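Novice: What follows is my_file.txt; its format and atoms are compact mmCIF, C-alpha atoms and all ligand atoms.
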# COMPACT_ATOMS: atom_id res chain seq x y z
CA MET A 30 70.75 -41.97 -217.69
CA ASN A 31 73.16 -39.15 -218.28
CA GLU A 32 73.06 -35.93 -216.36
CA THR A 33 72.36 -33.57 -219.25
CA ALA A 34 69.31 -35.56 -220.39
CA LEU A 35 68.03 -35.74 -216.81
CA THR A 36 68.51 -32.00 -216.26
CA ASN A 37 66.85 -31.02 -219.53
CA GLY A 38 63.98 -33.43 -218.98
CA CYS A 39 63.34 -32.13 -215.45
CA LEU A 40 63.53 -28.50 -216.57
CA LYS A 41 61.03 -29.06 -219.35
CA GLU A 42 58.64 -30.95 -217.06
CA MET A 43 58.95 -28.39 -214.25
CA LYS A 44 58.16 -25.50 -216.61
CA ALA A 45 55.16 -27.34 -218.03
CA HIS A 46 53.99 -28.20 -214.50
CA PHE A 47 54.06 -24.60 -213.26
CA GLY A 48 52.75 -23.24 -216.57
CA ALA A 49 52.09 -19.50 -216.34
CA ASP A 50 53.38 -19.31 -212.76
CA ARG A 51 56.63 -17.57 -213.63
CA LYS A 52 57.44 -16.94 -209.96
CA ARG A 53 57.67 -20.69 -209.22
CA ILE A 54 59.78 -21.33 -212.31
CA ASP A 55 62.20 -18.53 -211.41
CA HIS A 56 62.41 -19.83 -207.85
CA ALA A 57 63.35 -23.34 -209.02
CA LEU A 58 65.98 -21.94 -211.41
CA LYS A 59 67.53 -19.81 -208.65
CA VAL A 60 67.61 -22.77 -206.26
CA LEU A 61 69.28 -24.81 -209.02
CA ASP A 62 71.99 -22.16 -209.47
CA TYR A 63 72.76 -22.04 -205.76
CA ALA A 64 72.63 -25.83 -205.41
CA ARG A 65 75.20 -26.19 -208.20
CA ALA A 66 77.46 -23.59 -206.59
CA ILE A 67 77.30 -25.35 -203.22
CA GLN A 68 77.81 -28.74 -204.80
CA ALA A 69 80.91 -27.55 -206.67
CA VAL A 70 82.56 -27.27 -203.25
CA GLU A 71 80.73 -29.86 -201.17
CA GLY A 72 80.43 -32.72 -203.70
CA GLY A 73 77.59 -35.27 -203.76
CA ASP A 74 75.60 -36.87 -206.57
CA THR A 75 75.05 -34.22 -209.23
CA ARG A 76 71.98 -35.95 -210.68
CA VAL A 77 70.21 -36.07 -207.31
CA VAL A 78 71.06 -32.46 -206.43
CA THR A 79 70.02 -31.17 -209.86
CA ALA A 80 66.71 -33.04 -210.05
CA ALA A 81 65.84 -32.22 -206.43
CA ALA A 82 66.56 -28.52 -206.95
CA ILE A 83 64.42 -28.34 -210.08
CA LEU A 84 61.50 -30.39 -208.72
CA HIS A 85 61.46 -29.63 -204.98
CA ASP A 86 58.36 -27.42 -205.09
CA VAL A 87 56.21 -29.36 -207.60
CA GLY A 88 53.71 -30.12 -204.81
CA ILE A 89 52.72 -26.47 -204.47
CA PRO A 90 49.88 -26.31 -207.06
CA ALA A 91 48.26 -29.50 -205.66
CA SER A 92 48.60 -28.19 -202.08
CA GLU A 93 46.90 -24.97 -203.06
CA ALA A 94 44.14 -26.77 -204.92
CA LYS A 95 43.43 -29.37 -202.22
CA TYR A 96 44.06 -27.47 -199.00
CA GLY A 97 44.14 -23.81 -200.00
CA SER A 98 47.57 -23.73 -198.41
CA ILE A 99 51.19 -24.14 -199.44
CA ASP A 100 52.35 -24.92 -195.91
CA GLY A 101 55.32 -27.27 -195.67
CA PRO A 102 53.49 -30.44 -194.57
CA TYR A 103 51.04 -30.28 -197.52
CA GLN A 104 53.84 -29.76 -200.02
CA GLU A 105 55.85 -32.57 -198.50
CA GLU A 106 52.87 -34.88 -198.94
CA GLU A 107 51.79 -33.75 -202.41
CA GLY A 108 55.23 -33.27 -203.97
CA PRO A 109 56.85 -36.73 -203.99
CA PRO A 110 54.23 -38.64 -206.05
CA ILE A 111 54.23 -35.85 -208.65
CA ALA A 112 58.04 -35.79 -208.76
CA ARG A 113 58.08 -39.59 -209.07
CA GLU A 114 55.85 -39.46 -212.17
CA ILE A 115 57.97 -36.72 -213.71
CA LEU A 116 61.19 -38.64 -213.03
CA LYS A 117 59.66 -41.79 -214.51
CA ARG A 118 58.67 -39.87 -217.67
CA VAL A 119 62.17 -38.44 -218.09
CA GLY A 120 63.73 -41.88 -217.51
CA ALA A 121 65.64 -41.29 -214.27
CA ASP A 122 67.28 -44.25 -212.51
CA ASP A 123 65.33 -45.75 -209.59
CA ALA A 124 67.97 -44.85 -206.99
CA VAL A 125 68.02 -41.22 -208.13
CA THR A 126 64.21 -41.10 -208.16
CA ASP A 127 63.91 -42.54 -204.64
CA HIS A 128 66.51 -40.17 -203.21
CA VAL A 129 64.96 -37.10 -204.87
CA CYS A 130 61.47 -38.04 -203.63
CA ASP A 131 62.78 -38.53 -200.08
CA ILE A 132 64.41 -35.09 -200.22
CA ILE A 133 61.17 -33.47 -201.41
CA ALA A 134 59.19 -35.27 -198.68
CA ASP A 135 61.34 -33.60 -196.02
CA HIS A 136 62.44 -30.32 -197.61
CA HIS A 137 60.48 -28.07 -195.24
CA SER A 138 61.12 -29.88 -191.99
CA ALA A 139 64.42 -31.81 -192.16
CA LYS A 140 63.01 -34.45 -189.83
CA PHE A 141 64.46 -37.62 -191.33
CA MET A 142 66.85 -36.72 -194.14
CA ASP A 143 70.49 -35.87 -193.61
CA THR A 144 72.26 -36.89 -196.83
CA LEU A 145 74.75 -34.47 -198.36
CA GLU A 146 72.40 -33.98 -201.32
CA PHE A 147 69.54 -33.13 -198.95
CA ARG A 148 71.69 -30.60 -197.08
CA ILE A 149 72.71 -28.93 -200.36
CA LEU A 150 69.07 -28.56 -201.50
CA TRP A 151 68.11 -27.30 -198.05
CA ASP A 152 70.81 -24.61 -198.08
CA ALA A 153 70.11 -23.55 -201.68
CA ASP A 154 66.38 -23.15 -200.91
CA TRP A 155 67.17 -21.05 -197.81
CA LEU A 156 69.54 -18.84 -199.81
CA VAL A 157 66.67 -18.02 -202.15
CA ASN A 158 64.00 -17.76 -199.44
CA ILE A 159 65.75 -15.59 -196.84
CA PRO A 160 65.20 -12.31 -198.76
CA ASN A 161 61.49 -13.14 -199.04
CA TRP A 162 60.93 -14.50 -195.54
CA TYR A 163 63.09 -11.95 -193.69
CA ARG A 164 62.47 -8.87 -195.78
CA ASP A 165 62.23 -6.51 -192.80
CA ALA A 166 64.63 -8.29 -190.45
CA ASP A 167 67.58 -6.43 -188.96
CA GLU A 168 71.16 -7.63 -189.24
CA GLY A 169 71.13 -9.37 -185.87
CA LYS A 170 68.13 -11.44 -186.88
CA ILE A 171 69.64 -12.36 -190.26
CA ARG A 172 72.89 -13.30 -188.51
CA ALA A 173 70.99 -15.63 -186.15
CA VAL A 174 69.10 -17.26 -189.03
CA VAL A 175 72.31 -17.79 -191.01
CA ARG A 176 73.98 -19.36 -187.98
CA LYS A 177 71.03 -21.64 -187.29
CA VAL A 178 69.63 -22.94 -190.57
CA PHE A 179 72.52 -23.75 -192.89
CA LYS A 180 73.71 -27.35 -193.09
CA THR A 181 76.81 -27.10 -195.32
CA GLY A 182 79.97 -25.04 -194.91
CA ARG A 183 79.69 -23.59 -198.40
CA GLY A 184 75.99 -22.76 -197.97
CA ARG A 185 76.67 -20.86 -194.76
CA ALA A 186 79.67 -19.07 -196.29
CA MET A 187 77.55 -18.00 -199.26
CA ALA A 188 74.82 -16.74 -196.91
CA ARG A 189 77.42 -14.69 -195.00
CA GLU A 190 78.68 -13.18 -198.25
CA ILE A 191 75.27 -12.48 -199.75
CA PHE A 192 73.35 -11.25 -196.69
CA LEU A 193 76.06 -9.95 -194.37
CA GLY A 194 78.73 -8.81 -196.82
CA GLU A 195 81.34 -11.04 -195.17
CA ARG A 196 83.99 -12.95 -197.07
CA GLY A 197 86.11 -16.00 -196.34
FE FE B 1 61.82 -23.79 -202.64
Turn this file's structure into structure tokens for me.
Specialist:
Amino acid sequence: MNETALTNGCLKEMKAHFGADRKRIDHALKVLDYARAIQAVEGGDTRVVTAAAILHDVGIPASEAKYGSIDGPYQEEEGPPIAREILKRVGADDAVTDHVCDIIADHHSAKFMDTLEFRILWDADWLVNIPNWYRDADEGKIRAVVRKVFKTGRGRAMAREIFLGERG
């Protein structure tokens, strides 16, 4: 299926899934923006990156309901079957669906995935999460995190620009 239909279908489903939880919707949209910016430089399959960015956190409500926790392992377990149903409803190709679900299953631990599309989603999610997770961190700490976590050149360069005011 074409990319625009896939993107619009995923956006609509994601918004319906999170409902009144505006924070989750905004998070997914921010991750999508960063993922697109990284992909513009790094390449990769646009459909996989777009769908993964929009749907990566769909396991959160089920994790909260079942375990009272949104810890990574719960989300990684709950997210993929939900994403698979959404992708089926919007008519995504099987290969795209499988890749997106694999990304979601590993998006908090990076234990088994290392595709370019996975690395782009990983970096985009970190770009959005660093201000929340390291709110009170000093510059040295931020610098260490930026050096350690990013998996693409463009993702790390964007982190340096955004959090450390460095260019180039
Ligand atoms: Fe996220």
Novice: Can you check which parts of chain A lie within 12 Å of ligand FE 1 (chain B)? Per residue, the shortest pair of atoms and distance in Å to one decimal, counting only C-alpha atoms and all ligand atoms, sorted by chain and number, as a Markdown table.
Specialist:
| residue | atom | partner | partner_atom | distance |
| --- | --- | --- | --- | --- |
| A:Lys52 | CA | B:FE1 | FE | 10.9 |
| A:Arg53 | CA | B:FE1 | FE | 8.4 |
| A:Ile54 | CA | B:FE1 | FE | 10.2 |
| A:Asp55 | CA | B:FE1 | FE | 10.2 |
| A:His56 | CA | B:FE1 | FE | 6.6 |
| A:Ala57 | CA | B:FE1 | FE | 6.6 |
| A:Leu58 | CA | B:FE1 | FE | 9.9 |
| A:Lys59 | CA | B:FE1 | FE | 9.2 |
| A:Val60 | CA | B:FE1 | FE | 6.9 |
| A:Leu61 | CA | B:FE1 | FE | 9.9 |
| A:Tyr63 | CA | B:FE1 | FE | 11.5 |
| A:Ala64 | CA | B:FE1 | FE | 11.3 |
| A:Ala81 | CA | B:FE1 | FE | 10.1 |
| A:Ala82 | CA | B:FE1 | FE | 8.0 |
| A:Ile83 | CA | B:FE1 | FE | 9.1 |
| A:Leu84 | CA | B:FE1 | FE | 9.0 |
| A:His85 | CA | B:FE1 | FE | 6.3 |
| A:Asp86 | CA | B:FE1 | FE | 5.6 |
| A:Val87 | CA | B:FE1 | FE | 9.3 |
| A:Gly88 | CA | B:FE1 | FE | 10.5 |
| A:Ile89 | CA | B:FE1 | FE | 9.7 |
| A:Ile99 | CA | B:FE1 | FE | 11.1 |
| A:Asp100 | CA | B:FE1 | FE | 11.7 |
| A:Gly101 | CA | B:FE1 | FE | 10.1 |
| A:Gln104 | CA | B:FE1 | FE | 10.3 |
| A:Glu105 | CA | B:FE1 | FE | 11.4 |
| A:Gly108 | CA | B:FE1 | FE | 11.6 |
| A:Ile132 | CA | B:FE1 | FE | 11.8 |
| A:Ile133 | CA | B:FE1 | FE | 9.8 |
| A:Asp135 | CA | B:FE1 | FE | 11.8 |
| A:His136 | CA | B:FE1 | FE | 8.3 |
| A:His137 | CA | B:FE1 | FE | 8.7 |
| A:Leu150 | CA | B:FE1 | FE | 8.8 |
| A:Trp151 | CA | B:FE1 | FE | 8.5 |
| A:Asp152 | CA | B:FE1 | FE | 10.1 |
| A:Ala153 | CA | B:FE1 | FE | 8.3 |
| A:Asp154 | CA | B:FE1 | FE | 4.9 |
| A:Trp155 | CA | B:FE1 | FE | 7.7 |
| A:Leu156 | CA | B:FE1 | FE | 9.6 |
| A:Val157 | CA | B:FE1 | FE | 7.6 |
| A:Asn158 | CA | B:FE1 | FE | 7.2 |
| A:Ile159 | CA | B:FE1 | FE | 10.8 |
| A:Asn161 | CA | B:FE1 | FE | 11.2 |
| A:Trp162 | CA | B:FE1 | FE | 11.7 |
Novice: Pick the closest to Gly73 of chain A from A:Arg148, A:Arg164, A:Lys170, A:Arg189: which is it, counting all atoms listed in the file?
Specialist: A:Arg148
Novice: Just the residues within 10 Å of Phe192 of chain A, please, counting all atoms listed in the file, with nothing from its chain fewer than 5 positions along; format it as a PyMOL selection string.
Specialist: chain A and resi 156+159-160+168+171-172+175+187
Novice: Could you state the separation of atom CA of Pro110 of chain A and atom CA of Ile149 of chain A in Å, given to one decimal place?
Specialist: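 We find that atom CA of Pro110 of chain A and atom CA of Ile149 of chain A lie 21.6 Å from each other.
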Novice: Could you pull the residues within 10 Å of Gly72 of chain A, counting only C-alpha atoms, minus those fewer than 4 positions along the same chain, as a list in words?
Specialist: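 The neighbour list is Arg65, Ile67, Gln68, Val78, Leu145, Glu146 and Ile149 of chain A.
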Novice: Could the residues in this selection be saved with C-alpha atoms as a PDB file, keeping the file's coordinate frame?
Specialist:
ATOM      1  CA  ARG A  65      75.200 -26.190-208.200  1.00  0.00           C
ATOM      2  CA  ILE A  67      77.300 -25.350-203.220  1.00  0.00           C
ATOM      3  CA  GLN A  68      77.810 -28.740-204.800  1.00  0.00           C
ATOM      4  CA  VAL A  78      71.060 -32.460-206.430  1.00  0.00           C
ATOM      5  CA  LEU A 145      74.750 -34.470-198.360  1.00  0.00           C
ATOM      6  CA  GLU A 146      72.400 -33.980-201.320  1.00  0.00           C
ATOM      7  CA  ILE A 149      72.710 -28.930-200.360  1.00  0.00           C
TER       8      ILE A 149
END
Novice: Just need the box for segment 86-100 of chain A, edges along x, y and z, holding every atom the file lists for it with 3 Å tacked onto each side, so centre and edge lengths in Å to one decimal, as AutoDock Vina command-line options.
Specialist:
--center_x 50.9 --center_y -26.9 --center_z -201.8 --size_x 20.9 --size_y 12.4 --size_z 17.7
Novice: Out of A:Asp167, A:Glu195, A:Asp143, A:Glu114, which residue has the shortest atom-to-atom distance to Cys39 of chain A when counting only C-alpha atoms?
Specialist: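 Closest to Cys39 of chain A, using only C-alpha atoms: A:Glu114.
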Novice: Set the distance at 7 Å and use all atoms listed in the file: which residues neighbour segment 115-128 of chain A once local chain neighbours fewer than 3 positions away are removed? I'd like the list as a list in words.
Specialist: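 Returned residues: Met30, Leu35, Gly38, Cys39, Glu42, Val77, Ile111, Ala112, Asp131 and Ile132 of chain A.
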Novice: Could you please determine the separation between atom CA of Asp62 of chain A and atom CA of Thr79 of chain A in Å, to one decimal place?
Specialist: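 Atom CA of Thr79 of chain A lies at a distance of 9.2 Å from atom CA of Asp62 of chain A.
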Novice: Could you work out how far atom CA of Leu40 of chain A lies from atom CA of Ala94 of chain A, giving the answer in Å with one decimal?
Specialist: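 Spanning atom CA of Ala94 of chain A to atom CA of Leu40 of chain A is a straight-line distance of 22.7 Å.
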Novice: Out of A:Ala80, A:Ala45, A:Phe141, A:Glu71, which residue has the shortest atom-to-atom distance to Arg185 of chain A when counting all atoms listed in the file?
Specialist: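 Result for the nearest residue to Arg185 of chain A: A:Glu71.
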